[in-house]
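*Asks:* Quick one: this structure, given as structure tokens, is what I'll be asking you about.
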Amino acid sequence: MKTNLLFLILAFFFGNVILKSQQSILVMNSTAKTVAQLNAADGSVINSEFINLTSLSAGTIKGIVQVQDKIWISDQTNNRIYTFALDGTYVSTIPSTVGLSNIRGLNVVNNEVWVTNAGSTNGAIANSVRRLDFAGNSLGAYNTIADPFDAIDNGAGKAYITSFGSSGIQMMNYDGTVAGNLVDAGILSGIEQINKTSAGNYVLAVFSSNATSGNTSGLYVISPTGNILNKWNNVTGLRGAIQTSNGNYLCSNSNGVQKVDAATGASTQIIAGNYQYFTLINGNLAVDNIAAKYVSVFPNPTTDYINVETESKINTVQLFSASGQLVKQFKNINESKTKLNLEDLPVNVYILKVATQQGVKTLKVIKK
């Protein structure tokens, strides 16, 4: 009896630890060829060597992103992409022959992976984004702003592409047509990583200073219309930037990873080393329990609603973007059937996670 009780206590404890650790932030050390795992709430170090790429003879590892249930890491100098499982296990390498040359940041855009590409070897197009499907096959390329360094989906039909020069941030429609600039030329220079904040703004890692505007290297937050809302210039030479769930920011440079207090602007070093880009990893997309065998979702594709039917009562339904961001959540359903409204979501492919009394099932849902 005591053994069973101890087992239940341990199961409850470790179950809660696993649930709480499903989200974390990863950041790459391009000198040590390692990926550190940080707490998504405050940036504290969980594992300084979550992934080690030395056995892959990696060059300058630069960009990192979650693509469904995989982690993709770009190698700027070796012109290839390494993929790993969410637990850090190596899976495969996407070769340079798909059209990669001097690659930088990469992100999921419109259910594709857009890789910023500055070089012209290996069949690549200089100053472009190379488009890949989730299996790593080339879907072609779009010409971009000069010296592109990162790309991000705004969730409303456009991608924003940063420039390392002084050309600003380009707006591009999903079909590759240019829709102007989010940030005009001559305002910021050396813009590397761009990430979305919890308030729907964007945080930028700015590497260098702009002589025309007087804006110096540092951490910047801009609005969806491109206005500078806040900036901290006490940390310089920035490569990566991301917001933690407590509202503060992390940024990286050749000295390490710094935490910036959003209220005071004070910076504190988290970890030393030559660090690059960040990404938020959502382990929820890897969770699937075959005990929940019968889960029916219809109509799929859909334009507005979906019906979810299961063998047992539904506890929670969560909807994630292809990059792992939680976009909708339905709690305490307590029925075996439910109808969910998706009218407010943009056209896209989503991952549906259905938690029932029998287990958990993940499925793909298409909103058209």
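Ligands are numbered from 1 in the order shown, residues from 1 within each chain, and chains are lettered A, B, ... in the order they appear in the structure tokens.
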Skipping near chain neighbours, those fewer than 4 positions away, what residues fall within 10 Å of Val295 in chain A using only C-alpha atoms, listed as a list in words?
*Replies:* Val308, Glu309, Thr310, Glu311, Ser312, Ile314, Ser336, Lys337, Val354, Ala355, Thr356, Val360, Lys361, Thr362 and Leu363 of chain A
*Asks:* Excluding same-chain residues fewer than 6 positions from Ala199 in chain A, what lies within 12 Å of it counting only C-alpha atoms, as a PyMOL selection string?
*Replies:* chain A and resi 221-224+229+243+245+247
*Asks:* Would you write out those residues with C-alpha atoms, as a compact mmCIF listing (two decimals), in the first residue's frame?
*Replies:*
# COMPACT_ATOMS: atom_id res chain seq x y z
CA VAL A 221 10.75 46.95 -29.56
CA ILE A 222 8.67 48.15 -32.50
CA SER A 223 4.92 48.26 -33.13
CA PRO A 224 3.13 46.35 -35.95
CA LEU A 229 8.19 51.81 -28.82
CA GLN A 243 10.78 37.91 -24.83
CA SER A 245 6.92 34.85 -20.48
CA GLY A 247 7.60 40.11 -19.86
*Asks:* Name the residues in contact with Asn334 in chain A at a cut-off of 6 Å, using only C-alpha atoms, excluding same-chain residues fewer than 2 positions from it; report them as number ranges by chain.
*Replies:* A: 313-315, 332
*Asks:* Next, write the just-selected residues to a file, as a PDB file, in the first residue's frame, keeping C-alpha atoms as the atom set.
*Replies:*
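Produced file out03.pdb, reproduced below:
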ATOM      1  CA  LYS A 313     -15.237  12.982 -22.536  1.00  0.00           C
ATOM      2  CA  ILE A 314     -12.978  15.787 -23.778  1.00  0.00           C
ATOM      3  CA  ASN A 315     -11.039  17.726 -21.165  1.00  0.00           C
ATOM      4  CA  ASN A 332     -13.474  22.107 -19.339  1.00  0.00           C
TER       5      ASN A 332
END
*Asks:* Would you mind writing down, as number ranges by chain, each residue of range 154-335 of chain A that DSSP on the backbone assigns to strand (DSSP E or B)?
*Replies:* A: 158-163, 169-173, 178-183, 189-196, 202-208, 218-222, 228-232, 240-243, 249-253, 256-260, 267-272, 275-282, 295-298, 302, 305-321, 326-330, 335
*Asks:* Keeping C-alpha atoms for every residue in the selection just given, could you write it to a file as a compact mmCIF listing (two decimals), in the first residue's frame?
*Replies:*
# COMPACT_ATOMS: atom_id res chain seq x y z
CA LYS A 158 2.87 38.81 -44.78
CA ALA A 159 6.42 38.07 -43.69
CA TYR A 160 8.87 40.62 -42.28
CA ILE A 161 12.48 40.28 -43.44
CA THR A 162 15.33 42.07 -41.66
CA SER A 163 18.41 43.53 -43.34
CA ILE A 169 12.71 45.63 -42.55
CA GLN A 170 10.92 44.51 -45.70
CA MET A 171 7.28 43.42 -45.86
CA MET A 172 6.63 40.53 -48.26
CA ASN A 173 3.36 38.87 -49.17
CA VAL A 178 7.03 43.10 -51.92
CA ALA A 179 4.54 45.18 -49.90
CA GLY A 180 6.87 47.99 -48.80
CA ASN A 181 8.86 48.35 -45.58
CA LEU A 182 7.85 47.83 -41.98
CA VAL A 183 10.92 49.88 -40.96
CA SER A 189 21.43 49.22 -39.10
CA GLY A 190 22.50 45.63 -38.61
CA ILE A 191 19.08 44.20 -37.75
CA GLU A 192 19.55 40.50 -37.06
CA GLN A 193 16.84 38.47 -35.26
CA ILE A 194 13.20 39.53 -35.07
CA ASN A 195 10.67 37.91 -32.70
CA LYS A 196 7.06 38.63 -31.78
CA TYR A 202 8.25 42.89 -32.35
CA VAL A 203 11.59 42.74 -30.54
CA LEU A 204 14.73 43.30 -32.61
CA ALA A 205 18.40 42.50 -32.07
CA VAL A 206 20.29 45.43 -33.62
CA PHE A 207 23.99 44.76 -34.15
CA SER A 208 25.32 48.17 -35.20
CA GLY A 218 20.87 47.57 -28.86
CA LEU A 219 17.54 45.92 -28.13
CA TYR A 220 14.50 47.52 -29.80
CA VAL A 221 10.75 46.95 -29.56
CA ILE A 222 8.67 48.15 -32.50
CA ILE A 228 9.97 52.35 -32.16
CA LEU A 229 8.19 51.81 -28.82
CA ASN A 230 11.21 51.17 -26.62
CA LYS A 231 14.95 50.63 -26.84
CA TRP A 232 17.81 49.66 -24.55
CA GLY A 240 19.42 37.40 -31.02
CA ALA A 241 16.42 38.70 -29.11
CA ILE A 242 13.32 37.12 -27.54
CA GLN A 243 10.78 37.91 -24.83
CA TYR A 249 13.76 40.12 -22.67
CA LEU A 250 16.80 38.02 -23.51
CA CYS A 251 19.42 39.17 -26.00
CA SER A 252 22.68 37.65 -27.20
CA ASN A 253 26.07 38.84 -28.44
CA GLY A 256 26.88 35.81 -23.86
CA VAL A 257 23.16 35.98 -23.12
CA GLN A 258 21.84 38.95 -21.17
CA LYS A 259 18.48 39.42 -19.47
CA VAL A 260 16.98 42.90 -19.85
CA SER A 267 20.78 44.02 -17.89
CA THR A 268 22.16 40.90 -16.21
CA GLN A 269 24.31 38.24 -17.83
CA ILE A 270 22.69 34.79 -17.83
CA ILE A 271 25.42 32.75 -19.50
CA ALA A 272 28.81 33.59 -21.06
CA TYR A 275 25.66 33.27 -28.67
CA GLN A 276 23.36 33.72 -31.65
CA TYR A 277 19.58 33.32 -32.22
CA PHE A 278 16.83 32.17 -29.83
CA THR A 279 13.67 30.15 -30.32
CA LEU A 280 10.77 29.10 -28.10
CA ILE A 281 10.31 25.33 -28.07
CA ASN A 282 6.84 23.98 -27.39
CA VAL A 295 -10.74 11.23 -32.34
CA SER A 296 -12.73 12.53 -35.29
CA VAL A 297 -12.39 16.11 -36.56
CA PHE A 298 -14.69 17.41 -39.34
CA THR A 302 -12.74 24.03 -42.76
CA TYR A 305 -16.07 25.61 -37.47
CA ILE A 306 -14.79 22.14 -36.65
CA ASN A 307 -16.56 19.34 -34.81
CA VAL A 308 -14.52 17.14 -32.49
CA GLU A 309 -15.87 13.71 -31.49
CA THR A 310 -14.14 11.16 -29.26
CA GLU A 311 -14.80 7.88 -27.45
CA SER A 312 -14.67 9.56 -24.04
CA LYS A 313 -15.24 12.98 -22.54
CA ILE A 314 -12.98 15.79 -23.78
CA ASN A 315 -11.04 17.73 -21.17
CA THR A 316 -9.17 20.32 -23.24
CA VAL A 317 -8.63 21.17 -26.91
CA GLN A 318 -5.61 23.27 -27.90
CA LEU A 319 -4.74 24.66 -31.32
CA PHE A 320 -1.11 25.40 -32.22
CA SER A 321 0.50 27.09 -35.20
CA LEU A 326 -0.59 28.23 -28.86
CA VAL A 327 -3.28 30.21 -30.74
CA LYS A 328 -6.53 28.90 -29.19
CA GLN A 329 -7.54 26.89 -26.15
CA PHE A 330 -10.89 25.38 -25.11
CA GLU A 335 -18.47 16.16 -23.36
*Asks:* When you look at Lys364 in chain A with a cut-off of 8 Å (counting only C-alpha atoms), what residues show up, excluding the ones that are within fewer than 4 positions of it in the same chain? I need them as a list of chain:residue names.
*Replies:* A:Val349, A:Tyr350, A:Ile351, A:Leu352
*Asks:* For the residues in that selection, give me C-alpha atoms as a PDB file, in the first residue's frame.
*Replies:*
ATOM      1  CA  VAL A 349      -2.379  24.659 -41.210  1.00  0.00           C
ATOM      2  CA  TYR A 350      -2.723  24.073 -37.459  1.00  0.00           C
ATOM      3  CA  ILE A 351      -1.928  21.295 -35.002  1.00  0.00           C
ATOM      4  CA  LEU A 352      -4.920  20.251 -32.879  1.00  0.00           C
TER       5      LEU A 352
END
